file entry_13.cif (mmCIF, C-alpha atoms)
data_my_file
#
loop_
_atom_site.group_PDB
_atom_site.id
_atom_site.type_symbol
_atom_site.label_atom_id
_atom_site.label_comp_id
_atom_site.auth_asym_id
_atom_site.auth_seq_id
_atom_site.Cartn_x
_atom_site.Cartn_y
_atom_site.Cartn_z
ATOM 1 C CA THR A 7 -4.324 34.785 21.783
ATOM 2 C CA ALA A 8 -4.316 38.023 19.819
ATOM 3 C CA ALA A 9 -1.096 38.814 17.930
ATOM 4 C CA ASP A 10 -0.075 42.247 16.671
ATOM 5 C CA LEU A 11 2.754 41.584 14.207
ATOM 6 C CA ASP A 12 3.580 45.165 13.208
ATOM 7 C CA ALA A 13 3.163 47.004 16.538
ATOM 8 C CA ASP A 14 0.261 49.202 15.394
ATOM 9 C CA HIS A 15 -1.984 48.073 18.277
ATOM 10 C CA VAL A 16 -4.332 46.287 15.871
ATOM 11 C CA THR A 17 -4.788 42.510 15.996
ATOM 12 C CA ASP A 18 -3.452 40.777 12.870
ATOM 13 C CA TYR A 19 -3.809 37.093 13.770
ATOM 14 C CA ILE A 20 -5.497 35.105 16.513
ATOM 15 C CA TYR A 21 -4.072 31.745 17.597
ATOM 16 C CA GLY A 22 -5.920 29.037 19.490
ATOM 17 C CA GLY A 23 -5.795 25.338 20.287
ATOM 18 C CA ASP A 24 -8.618 22.810 20.481
ATOM 19 C CA MET A 25 -9.524 19.555 22.231
ATOM 20 C CA LEU A 26 -8.164 17.526 19.298
ATOM 21 C CA GLY A 27 -4.720 19.075 19.629
ATOM 22 C CA ASN A 28 -4.976 21.364 16.592
ATOM 23 C CA VAL A 29 -3.402 24.826 16.665
ATOM 24 C CA TRP A 30 -5.338 27.228 14.442
ATOM 25 C CA ARG A 31 -4.481 30.645 13.050
ATOM 26 C CA PHE A 32 -7.293 33.104 12.323
ATOM 27 C CA ASP A 33 -6.336 35.830 9.840
ATOM 28 C CA LEU A 34 -7.772 39.231 10.804
ATOM 29 C CA SER A 35 -5.267 41.318 8.835
ATOM 30 C CA SER A 36 -7.745 42.461 6.183
ATOM 31 C CA LYS A 37 -9.729 45.663 6.607
ATOM 32 C CA THR A 38 -12.729 43.738 5.235
ATOM 33 C CA VAL A 39 -14.410 41.766 8.001
ATOM 34 C CA THR A 40 -15.808 39.153 5.626
ATOM 35 C CA ASP A 41 -12.215 38.170 4.769
ATOM 36 C CA TRP A 42 -11.450 37.153 8.342
ATOM 37 C CA ALA A 43 -11.092 33.386 8.537
ATOM 38 C CA ALA A 44 -9.212 30.427 9.945
ATOM 39 C CA GLY A 45 -6.627 28.748 7.760
ATOM 40 C CA ALA A 46 -7.628 25.668 5.808
ATOM 41 C CA TYR A 47 -4.879 23.728 7.579
ATOM 42 C CA PRO A 48 -3.845 23.920 11.250
ATOM 43 C CA VAL A 49 -0.445 25.354 12.091
ATOM 44 C CA PHE A 50 0.279 22.175 14.070
ATOM 45 C CA LYS A 51 -1.480 19.091 15.405
ATOM 46 C CA ALA A 52 -0.464 17.680 18.773
ATOM 47 C CA ASP A 53 -1.433 14.226 20.009
ATOM 48 C CA GLN A 54 -3.248 15.553 23.099
ATOM 49 C CA PRO A 55 -5.809 18.277 23.875
ATOM 50 C CA ILE A 56 -4.729 21.901 24.229
ATOM 51 C CA THR A 57 -6.825 23.662 26.875
ATOM 52 C CA THR A 58 -4.719 26.720 27.709
ATOM 53 C CA ALA A 59 -3.847 29.943 25.929
ATOM 54 C CA ILE A 60 -0.970 30.003 23.445
ATOM 55 C CA VAL A 61 1.987 32.335 24.046
ATOM 56 C CA VAL A 62 2.928 34.199 20.853
ATOM 57 C CA SER A 63 6.321 35.897 20.689
ATOM 58 C CA SER A 64 9.059 36.811 18.238
ATOM 59 C CA THR A 65 12.804 36.392 18.385
ATOM 60 C CA THR A 66 14.970 39.370 17.500
ATOM 61 C CA LYS A 67 18.235 37.446 17.566
ATOM 62 C CA ASN A 68 20.693 38.400 14.797
ATOM 63 C CA ASP A 69 17.972 40.488 13.122
ATOM 64 C CA ILE A 70 16.027 37.337 12.263
ATOM 65 C CA TYR A 71 12.365 37.465 13.223
ATOM 66 C CA ARG A 72 10.288 34.298 13.639
ATOM 67 C CA VAL A 73 6.799 34.014 15.076
ATOM 68 C CA ILE A 74 6.969 31.347 17.784
ATOM 69 C CA LEU A 75 3.960 29.648 19.394
ATOM 70 C CA ASN A 76 4.441 28.106 22.850
ATOM 71 C CA PHE A 77 1.932 25.846 24.574
ATOM 72 C CA GLY A 78 1.556 22.551 26.378
ATOM 73 C CA THR A 79 -0.975 19.742 26.255
ATOM 74 C CA GLY A 80 -3.306 18.565 28.990
ATOM 75 C CA ARG A 81 -6.895 18.471 30.132
ATOM 76 C CA LEU A 82 -8.447 18.372 33.592
ATOM 77 C CA PHE A 83 -11.798 16.647 34.082
ATOM 78 C CA PRO A 84 -13.789 17.958 37.068
ATOM 79 C CA LYS A 85 -15.117 15.878 39.920
ATOM 80 C CA THR A 86 -18.669 14.570 39.511
ATOM 81 C CA LEU A 87 -21.063 12.644 41.767
ATOM 82 C CA ASP A 88 -19.717 9.319 40.588
ATOM 83 C CA LYS A 89 -16.202 10.121 39.399
ATOM 84 C CA ILE A 90 -13.060 11.519 40.994
ATOM 85 C CA PRO A 91 -11.239 14.369 39.186
ATOM 86 C CA GLY A 92 -9.316 13.078 36.200
ATOM 87 C CA SER A 93 -6.972 14.175 33.447
ATOM 88 C CA ALA A 94 -6.090 13.222 29.898
ATOM 89 C CA PRO A 95 -4.007 10.010 30.036
ATOM 90 C CA GLY A 96 -0.796 9.415 28.128
ATOM 91 C CA ASP A 97 2.334 11.398 27.367
ATOM 92 C CA HIS A 98 2.215 15.195 27.288
ATOM 93 C CA TYR A 99 4.606 17.755 25.841
ATOM 94 C CA ILE A 100 5.612 21.411 25.888
ATOM 95 C CA TYR A 101 5.986 22.825 22.369
ATOM 96 C CA GLY A 102 7.623 25.693 20.537
ATOM 97 C CA ILE A 103 6.261 25.901 16.972
ATOM 98 C CA TRP A 104 7.527 28.236 14.259
ATOM 99 C CA ASP A 105 4.626 29.700 12.282
ATOM 100 C CA SER A 106 6.551 29.724 9.023
ATOM 101 C CA ASP A 107 3.586 30.467 6.725
ATOM 102 C CA MET A 108 4.279 34.201 6.467
ATOM 103 C CA ASP A 109 4.465 34.829 2.691
ATOM 104 C CA ALA A 110 1.019 36.464 2.544
ATOM 105 C CA TRP A 111 1.800 38.667 5.540
ATOM 106 C CA ASN A 112 5.206 39.689 4.186
ATOM 107 C CA ALA A 113 3.660 40.685 0.841
ATOM 108 C CA LYS A 114 1.567 43.408 2.480
ATOM 109 C CA SER A 115 3.622 44.532 5.457
ATOM 110 C CA ALA A 116 6.873 46.441 5.841
ATOM 111 C CA PHE A 117 7.577 44.438 9.007
ATOM 112 C CA THR A 118 8.456 40.958 7.740
ATOM 113 C CA TYR A 119 9.113 37.586 9.364
ATOM 114 C CA GLN A 120 11.096 34.512 8.360
ATOM 115 C CA SER A 121 8.898 32.438 6.075
ATOM 116 C CA LEU A 122 8.826 29.253 4.013
ATOM 117 C CA THR A 123 6.877 29.061 0.758
ATOM 118 C CA LEU A 124 4.291 26.421 1.620
ATOM 119 C CA SER A 125 1.124 25.041 0.098
ATOM 120 C CA GLY A 126 -1.610 22.638 1.168
ATOM 121 C CA SER A 127 -0.932 20.300 4.062
ATOM 122 C CA ALA A 128 2.742 21.349 4.095
ATOM 123 C CA LYS A 129 1.586 24.417 6.028
ATOM 124 C CA THR A 130 1.017 22.149 9.044
ATOM 125 C CA VAL A 131 4.198 21.559 11.026
ATOM 126 C CA GLY A 132 4.840 17.819 11.372
ATOM 127 C CA SER A 133 6.091 16.135 14.541
ATOM 128 C CA GLY A 134 9.104 14.897 12.570
ATOM 129 C CA GLU A 135 10.113 18.522 11.989
ATOM 130 C CA LEU A 136 10.554 19.182 15.717
ATOM 131 C CA LEU A 137 13.748 18.907 17.741
ATOM 132 C CA THR A 138 13.072 16.731 20.784
ATOM 133 C CA ARG A 139 14.608 17.973 24.017
ATOM 134 C CA THR A 140 14.977 15.898 27.174
ATOM 135 C CA ILE A 141 14.228 16.995 30.734
ATOM 136 C CA THR A 142 16.371 15.541 33.525
ATOM 137 C CA ASP A 143 14.970 15.492 37.057
ATOM 138 C CA SER A 144 17.346 15.817 39.998
ATOM 139 C CA THR A 145 16.818 15.460 43.719
ATOM 140 C CA PHE A 146 17.110 18.924 45.222
ATOM 141 C CA VAL A 147 15.448 20.473 48.268
ATOM 142 C CA ASN A 148 15.539 24.044 49.512
ATOM 143 C CA GLU A 149 13.205 24.081 52.484
ATOM 144 C CA ALA A 150 13.526 27.821 53.022
ATOM 145 C CA LEU A 151 12.222 28.540 49.507
ATOM 146 C CA GLY A 152 9.853 25.577 49.418
ATOM 147 C CA ILE A 153 11.588 23.999 46.406
ATOM 148 C CA ASN A 154 11.371 20.229 46.039
ATOM 149 C CA GLY A 155 13.141 19.080 42.904
ATOM 150 C CA ALA A 156 15.250 20.593 40.120
ATOM 151 C CA ARG A 157 15.205 20.190 36.351
ATOM 152 C CA THR A 158 17.748 20.661 33.592
ATOM 153 C CA ILE A 159 17.122 20.290 29.864
ATOM 154 C CA SER A 160 19.197 19.173 26.887
ATOM 155 C CA ASN A 161 20.758 21.947 24.847
ATOM 156 C CA GLU A 162 21.462 20.597 21.350
ATOM 157 C CA SER A 163 21.604 23.183 18.573
ATOM 158 C CA LEU A 164 18.312 23.741 16.720
ATOM 159 C CA CYS A 165 18.867 24.015 12.959
ATOM 160 C CA TRP A 166 15.924 25.825 11.353
ATOM 161 C CA LYS A 167 14.501 24.668 8.036
ATOM 162 C CA GLY A 168 15.779 26.864 5.228
ATOM 163 C CA SER A 169 18.808 28.013 7.206
ATOM 164 C CA THR A 170 22.142 28.423 5.410
ATOM 165 C CA THR A 171 24.220 28.593 8.577
ATOM 166 C CA CYS A 172 23.931 24.975 9.795
ATOM 167 C CA THR A 173 24.312 21.488 8.339
ATOM 168 C CA VAL A 174 20.950 19.698 8.687
ATOM 169 C CA ALA A 175 18.384 22.475 8.259
ATOM 170 C CA ASN A 176 15.082 20.667 8.761
ATOM 171 C CA LYS A 177 13.434 21.865 11.986
ATOM 172 C CA ARG A 178 10.330 24.005 12.421
ATOM 173 C CA GLY A 179 10.256 23.942 16.191
ATOM 174 C CA TRP A 180 10.887 21.874 19.291
ATOM 175 C CA ARG A 181 9.120 19.752 21.880
ATOM 176 C CA THR A 182 9.970 18.304 25.265
ATOM 177 C CA LYS A 183 8.155 15.466 26.987
ATOM 178 C CA LEU A 184 7.010 16.058 30.560
ATOM 179 C CA PRO A 185 8.728 13.151 32.344
ATOM 180 C CA LYS A 186 6.492 12.431 35.336
ATOM 181 C CA THR A 187 3.604 9.989 34.935
ATOM 182 C CA ASN A 188 0.604 11.850 33.491
ATOM 183 C CA GLU A 189 2.297 15.238 33.983
ATOM 184 C CA GLN A 190 0.629 17.927 31.857
ATOM 185 C CA ILE A 191 -0.298 21.588 31.429
ATOM 186 C CA PHE A 192 -3.584 22.887 32.886
ATOM 187 C CA TYR A 193 -2.696 26.560 33.388
ATOM 188 C CA ASN A 194 -1.892 29.338 30.933
ATOM 189 C CA PRO A 195 1.832 29.799 30.250
ATOM 190 C CA VAL A 196 3.194 33.340 30.485
ATOM 191 C CA PHE A 197 5.908 35.301 28.676
ATOM 192 C CA GLN A 198 8.248 37.354 30.849
ATOM 193 C CA ASP A 199 11.774 38.763 30.409
ATOM 194 C CA GLY A 200 12.294 36.694 27.263
ATOM 195 C CA PHE A 201 11.263 33.386 28.886
ATOM 196 C CA VAL A 202 8.091 31.349 28.569
ATOM 197 C CA MET A 203 7.032 29.982 31.960
ATOM 198 C CA PHE A 204 4.812 26.976 32.574
ATOM 199 C CA ASN A 205 3.368 25.518 35.747
ATOM 200 C CA THR A 206 3.146 21.783 35.095
ATOM 201 C CA THR A 207 0.909 19.475 37.118
ATOM 202 C CA VAL A 208 1.332 15.866 38.158
ATOM 203 C CA PRO A 209 -2.312 15.122 39.074
ATOM 204 C CA GLU A 210 -3.180 13.628 42.433
ATOM 205 C CA VAL A 211 -3.677 9.885 42.568
ATOM 206 C CA ALA A 212 -6.738 8.725 44.484
ATOM 207 C CA GLU A 213 -9.008 5.692 44.543
ATOM 208 C CA LEU A 214 -12.768 5.907 45.100
ATOM 209 C CA LEU A 215 -12.730 3.311 47.900
ATOM 210 C CA SER A 216 -9.437 4.342 49.483
ATOM 211 C CA CYS A 217 -8.415 7.138 51.859
ATOM 212 C CA ASP A 218 -4.865 7.140 50.475
ATOM 213 C CA ILE A 219 -4.201 10.119 48.200
ATOM 214 C CA GLN A 220 -0.977 11.052 46.461
ATOM 215 C CA ALA A 221 -1.183 14.838 46.439
ATOM 216 C CA ALA A 222 -0.811 16.770 43.202
ATOM 217 C CA ALA A 223 2.668 18.132 42.491
ATOM 218 C CA GLY A 224 4.416 19.916 39.657
ATOM 219 C CA PHE A 225 7.221 22.123 38.391
ATOM 220 C CA THR A 226 7.645 25.723 37.309
ATOM 221 C CA MET A 227 9.562 25.670 34.010
ATOM 222 C CA ALA A 228 11.310 28.656 32.356
ATOM 223 C CA LEU A 229 12.526 28.087 28.786
ATOM 224 C CA SER A 230 13.642 29.995 25.724
ATOM 225 C CA PRO A 231 10.509 30.322 23.523
ATOM 226 C CA GLU A 232 12.425 29.733 20.301
ATOM 227 C CA THR A 233 14.770 26.905 21.259
ATOM 228 C CA GLY A 234 13.131 25.233 24.266
ATOM 229 C CA ALA A 235 16.480 25.253 26.052
ATOM 230 C CA ALA A 236 17.867 27.347 28.896
ATOM 231 C CA GLN A 237 21.207 28.966 28.079
ATOM 232 C CA LYS A 238 21.077 30.750 31.434
ATOM 233 C CA SER A 239 18.757 30.070 34.324
ATOM 234 C CA TYR A 240 15.847 32.426 34.999
ATOM 235 C CA PHE A 241 15.781 31.163 38.596
ATOM 236 C CA LYS A 242 18.120 33.017 40.916
ATOM 237 C CA ASN A 243 19.596 32.327 44.359
ATOM 238 C CA THR A 244 18.081 28.862 44.693
ATOM 239 C CA GLY A 245 21.217 27.174 46.020
ATOM 240 C CA TRP A 246 21.356 24.859 43.001
ATOM 241 C CA THR A 247 24.951 24.120 41.864
ATOM 242 C CA GLY A 248 24.404 21.817 38.886
ATOM 243 C CA ASP A 249 23.854 22.524 35.181
ATOM 244 C CA VAL A 250 21.655 25.385 33.981
ATOM 245 C CA LEU A 251 18.403 25.239 35.946
ATOM 246 C CA ALA A 252 15.316 24.999 33.715
ATOM 247 C CA GLY A 253 12.683 24.157 36.335
ATOM 248 C CA ILE A 254 12.050 23.975 40.068
ATOM 249 C CA GLY A 255 9.581 21.872 42.043
ATOM 250 C CA THR A 256 6.969 24.324 43.309
ATOM 251 C CA SER A 257 3.678 22.394 42.955
ATOM 252 C CA GLY A 258 2.362 25.645 41.504
ATOM 253 C CA VAL A 259 -1.198 26.120 40.274
ATOM 254 C CA GLY A 260 -2.509 28.849 38.002
ATOM 255 C CA SER A 261 -0.175 31.081 36.007
ATOM 256 C CA VAL A 262 3.067 32.452 37.432
ATOM 257 C CA ILE A 263 3.051 36.214 37.982
ATOM 258 C CA THR A 264 6.084 38.445 38.394
ATOM 259 C CA VAL A 265 6.553 41.368 40.750
ATOM 260 C CA ARG A 266 9.421 43.810 41.081
ATOM 261 C CA SER A 267 10.860 45.188 44.295
ATOM 262 C CA GLY A 268 13.524 47.812 43.663
ATOM 263 C CA SER A 269 16.017 46.209 41.305
ATOM 264 C CA ARG A 270 14.889 42.653 42.077
ATOM 265 C CA THR A 271 12.315 40.502 40.280
ATOM 266 C CA PHE A 272 10.306 37.701 41.872
ATOM 267 C CA GLY A 273 8.025 34.981 40.598
ATOM 268 C CA VAL A 274 4.911 34.234 42.613
ATOM 269 C CA THR A 275 2.593 31.258 42.318
ATOM 270 C CA GLN A 276 -0.112 29.696 44.406
ATOM 271 C CA THR A 277 0.503 26.061 45.315
ATOM 272 C CA THR A 278 -1.626 22.943 45.550
ATOM 273 C CA THR A 279 -1.884 23.543 49.307
ATOM 274 C CA GLY A 280 -3.435 26.978 48.742
ATOM 275 C CA LYS A 281 -0.389 28.900 49.942
ATOM 276 C CA GLU A 282 1.796 31.288 47.982
ATOM 277 C CA LYS A 283 5.345 30.549 46.889
ATOM 278 C CA THR A 284 7.887 33.228 45.949
ATOM 279 C CA PHE A 285 11.226 32.767 44.187
ATOM 280 C CA GLU A 286 13.736 35.275 42.813
ATOM 281 C CA LEU A 287 14.222 35.648 39.036
ATOM 282 C CA ASP A 288 17.063 36.965 36.903
ATOM 283 C CA SER A 289 15.363 39.531 34.661
ATOM 284 C CA GLY A 290 18.454 39.929 32.473
ATOM 285 C CA ALA A 291 19.050 36.268 31.712
ATOM 286 C CA ASN A 292 17.429 36.247 28.251
ATOM 287 C CA ALA A 293 16.658 39.450 26.363
ATOM 288 C CA ASN A 294 16.407 38.301 22.732
ATOM 289 C CA TYR A 295 12.627 38.141 22.504
ATOM 290 C CA LYS A 296 9.662 40.478 22.517
ATOM 291 C CA ARG A 297 5.977 40.123 23.248
ATOM 292 C CA ILE A 298 3.702 40.622 20.237
ATOM 293 C CA THR A 299 0.412 40.018 22.008
ATOM 294 C CA TRP A 300 -1.862 42.289 23.985
ATOM 295 C CA ILE A 301 -5.181 42.360 25.824
ATOM 296 C CA LYS A 302 -7.356 45.295 26.800
ATOM 297 C CA ARG A 303 -8.186 45.185 30.486
ATOM 298 C CA ARG A 304 -11.607 46.431 31.525
#
call {"tool": "encode", "arguments": {"input": "entry_13.cif", "output": "structure tokens"}}
result
Amino acid sequence: TAADLDADHVTDYIYGGDMLGNVWRFDLSSKTVTDWAAGAYPVFKADQPITTAIVVSSTTKNDIYRVILNFGTGRLFPKTLDKIPGSAPGDHYIYGIWDSDMDAWNAKSAFTYQSLTLSGSAKTVGSGELLTRTITDSTFVNEALGINGARTISNESLCWKGSTTCTVANKRGWRTKLPKTNEQIFYNPVFQDGFVMFNTTVPEVAELLSCDIQAAAGFTMALSPETGAAQKSYFKNTGWTGDVLAGIGTSGVGSVITVRSGSRTFGVTQTTTGKEKTFELDSGANANYKRITWIKRR
């Protein structure tokens, strides 16, 4: 993912994940091409492969700017002549990581970001420096909208490392475990209206010598990039009456796209059955973030 940190339409950093769970930052901010390079240490190391793009955004809350990296873990193995489709086993997470190694950038740019003075392996965010949030699944069905399941998420305060406004200032990001068995992220997350949206997948369960198949399912999640919580739901007019809605059961595949009709905004995703699913979104629910990435379409 290309990141333009000073809004001059020139890529400054590139972020990417790998099969070992490392998140790397490639520095392209020099005018000299031979200076372009990856950092000696990864920004973060997850415990599972990262096979999707990383969403890069910045908070503008209270005039404090942090570069936030959002991604999830997961890997889909294709079907072969002797194997059914598979996925990476184990627990998988959605992450929000603060790239706090910004001293070098701040020294040469008028547009600065919150930074920690770091050296060596301390530049890599540790799992112990992340606030762990908890997803709660609830039984909820809206047949008209094709929603099967609802999710809320814990909303504890996140106290950033180096902060002087909270008591235990030791966090450099957040993570939340995907609660279903083997649930993971196969499709690129997207940034829209200040939310990062993920389509999660609970892979189908099938046996080679059996005709019984548990179809793939999944949820569309919409979270604050910086905190991983949902102060206000991005999902609108679902009929849900519980706590703030952070996810709905859509069994969506691919990335969610948004379309506008008059003053209304809708999310659209294809589903595991090959059909489309549309749900209304609240475009004004979270406006404290901005996109700092771009791509040239050909």
call {"tool": "resolve_selection", "arguments": {"input": "entry_13.cif", "expression": "the PyMOL selection byres ((chain A and resi 31) around 8)", "output": "PyMOL selection string"}}
result
chain A and resi 19-22+29-30+32-33+44-45+48-49
call {"tool": "resolve_selection", "arguments": {"input": "entry_13.cif", "expression": "the PyMOL selection byres ((chain A and resi 120) around 6)", "output": "list in words"}}
result
Tyr71, Arg72, Tyr119 and Ser121 of chain A
call {"tool": "atom_distance", "arguments": {"input": "entry_13.cif", "atom1": "atom CA of A:Val259", "atom2": "atom CA of A:Ile100"}}
result
16.6 Å
call {"tool": "closest_residue", "arguments": {"input": "entry_13.cif", "among": "A:Ile263, A:Leu229, A:Val61, A:Leu82", "to": "A:Val208", "atoms": "all atoms listed in the file"}}
result
A:Leu82
call {"tool": "resolve_selection", "arguments": {"input": "entry_13.cif", "expression": "the PyMOL selection byres ((chain A and resi 184) around 12)", "output": "PDB file with C-alpha atoms, in the frame of the given file"}}
result
ATOM      1  CA  GLY A  78       1.556  22.551  26.378  1.00  0.00           C
ATOM      2  CA  THR A  79      -0.975  19.742  26.255  1.00  0.00           C
ATOM      3  CA  GLY A  80      -3.306  18.565  28.990  1.00  0.00           C
ATOM      4  CA  GLY A  96      -0.796   9.415  28.128  1.00  0.00           C
ATOM      5  CA  ASP A  97       2.334  11.398  27.367  1.00  0.00           C
ATOM      6  CA  HIS A  98       2.215  15.195  27.288  1.00  0.00           C
ATOM      7  CA  TYR A  99       4.606  17.755  25.841  1.00  0.00           C
ATOM      8  CA  ILE A 100       5.612  21.411  25.888  1.00  0.00           C
ATOM      9  CA  TYR A 101       5.986  22.825  22.369  1.00  0.00           C
ATOM     10  CA  THR A 138      13.072  16.731  20.784  1.00  0.00           C
ATOM     11  CA  ARG A 139      14.608  17.973  24.017  1.00  0.00           C
ATOM     12  CA  THR A 140      14.977  15.898  27.174  1.00  0.00           C
ATOM     13  CA  ILE A 141      14.228  16.995  30.734  1.00  0.00           C
ATOM     14  CA  THR A 142      16.371  15.541  33.525  1.00  0.00           C
ATOM     15  CA  ASP A 143      14.970  15.492  37.057  1.00  0.00           C
ATOM     16  CA  ARG A 157      15.205  20.190  36.351  1.00  0.00           C
ATOM     17  CA  ILE A 159      17.122  20.290  29.864  1.00  0.00           C
ATOM     18  CA  ARG A 181       9.120  19.752  21.880  1.00  0.00           C
ATOM     19  CA  THR A 182       9.970  18.304  25.265  1.00  0.00           C
ATOM     20  CA  LYS A 183       8.155  15.466  26.987  1.00  0.00           C
ATOM     21  CA  PRO A 185       8.728  13.151  32.344  1.00  0.00           C
ATOM     22  CA  LYS A 186       6.492  12.431  35.336  1.00  0.00           C
ATOM     23  CA  THR A 187       3.604   9.989  34.935  1.00  0.00           C
ATOM     24  CA  ASN A 188       0.604  11.850  33.491  1.00  0.00           C
ATOM     25  CA  GLU A 189       2.297  15.238  33.983  1.00  0.00           C
ATOM     26  CA  GLN A 190       0.629  17.927  31.857  1.00  0.00           C
ATOM     27  CA  ILE A 191      -0.298  21.588  31.429  1.00  0.00           C
ATOM     28  CA  PHE A 204       4.812  26.976  32.574  1.00  0.00           C
ATOM     29  CA  ASN A 205       3.368  25.518  35.747  1.00  0.00           C
ATOM     30  CA  THR A 206       3.146  21.783  35.095  1.00  0.00           C
ATOM     31  CA  THR A 207       0.909  19.475  37.118  1.00  0.00           C
ATOM     32  CA  VAL A 208       1.332  15.866  38.158  1.00  0.00           C
ATOM     33  CA  GLY A 224       4.416  19.916  39.657  1.00  0.00           C
ATOM     34  CA  PHE A 225       7.221  22.123  38.391  1.00  0.00           C
ATOM     35  CA  THR A 226       7.645  25.723  37.309  1.00  0.00           C
ATOM     36  CA  MET A 227       9.562  25.670  34.010  1.00  0.00           C
ATOM     37  CA  GLY A 253      12.683  24.157  36.335  1.00  0.00           C
TER      38      GLY A 253
END
call {"tool": "residues_near_point", "arguments": {"input": "entry_13.cif", "point": "(3.4, 27.7, 9.2)", "cutoff": "7 Å", "atoms": "all atoms listed in the file", "output": "list in words"}}
result
Val49, Trp104, Asp105, Ser106, Asp107, Lys129, Thr130 and Val131 of chain A
call {"tool": "closest_residue", "arguments": {"input": "entry_13.cif", "among": "A:Ile70, A:Ala222, A:Ala116, A:Pro55", "to": "A:Thr277", "atoms": "all atoms listed in the file"}}
result
A:Ala222
call {"tool": "decode", "arguments": {"input": "entry_13.cif", "residues": "stretch 113-118 of chain A", "atoms": "all heavy atoms", "output": "compact mmCIF listing (two decimals), in the first residue's frame"}}
result
# COMPACT_ATOMS: atom_id res chain seq x y z
N ALA A 113 11.87 15.00 10.85
CA ALA A 113 13.04 15.86 10.74
C ALA A 113 13.13 16.55 9.38
O ALA A 113 13.82 17.57 9.24
CB ALA A 113 14.31 15.05 10.99
N LYS A 114 12.43 16.01 8.38
CA LYS A 114 12.55 16.57 7.03
C LYS A 114 11.23 17.01 6.44
O LYS A 114 11.17 17.39 5.28
CB LYS A 114 13.21 15.56 6.10
CG LYS A 114 12.46 14.24 5.95
CD LYS A 114 13.26 13.27 5.10
CE LYS A 114 12.60 11.92 5.01
NZ LYS A 114 13.41 10.95 4.24
N SER A 115 10.16 16.99 7.23
CA SER A 115 8.86 17.36 6.69
C SER A 115 8.18 18.36 7.62
O SER A 115 8.29 18.28 8.85
CB SER A 115 7.97 16.13 6.53
OG SER A 115 6.67 16.50 6.13
N ALA A 116 7.44 19.29 7.02
CA ALA A 116 6.67 20.25 7.80
C ALA A 116 5.39 19.62 8.34
O ALA A 116 4.79 20.14 9.28
CB ALA A 116 6.34 21.47 6.95
N PHE A 117 4.98 18.50 7.74
CA PHE A 117 3.78 17.80 8.19
C PHE A 117 4.24 16.63 9.05
O PHE A 117 4.74 15.63 8.55
CB PHE A 117 2.96 17.29 7.00
CG PHE A 117 1.55 16.93 7.37
CD1 PHE A 117 0.51 17.80 7.08
CD2 PHE A 117 1.26 15.75 8.01
CE1 PHE A 117 -0.80 17.48 7.43
CE2 PHE A 117 -0.04 15.42 8.36
CZ PHE A 117 -1.07 16.30 8.07
N THR A 118 4.08 16.76 10.38
CA THR A 118 4.66 15.79 11.30
C THR A 118 3.60 14.88 11.91
O THR A 118 2.40 15.21 11.96
CB THR A 118 5.42 16.50 12.42
OG1 THR A 118 4.51 17.36 13.14
CG2 THR A 118 6.56 17.33 11.85
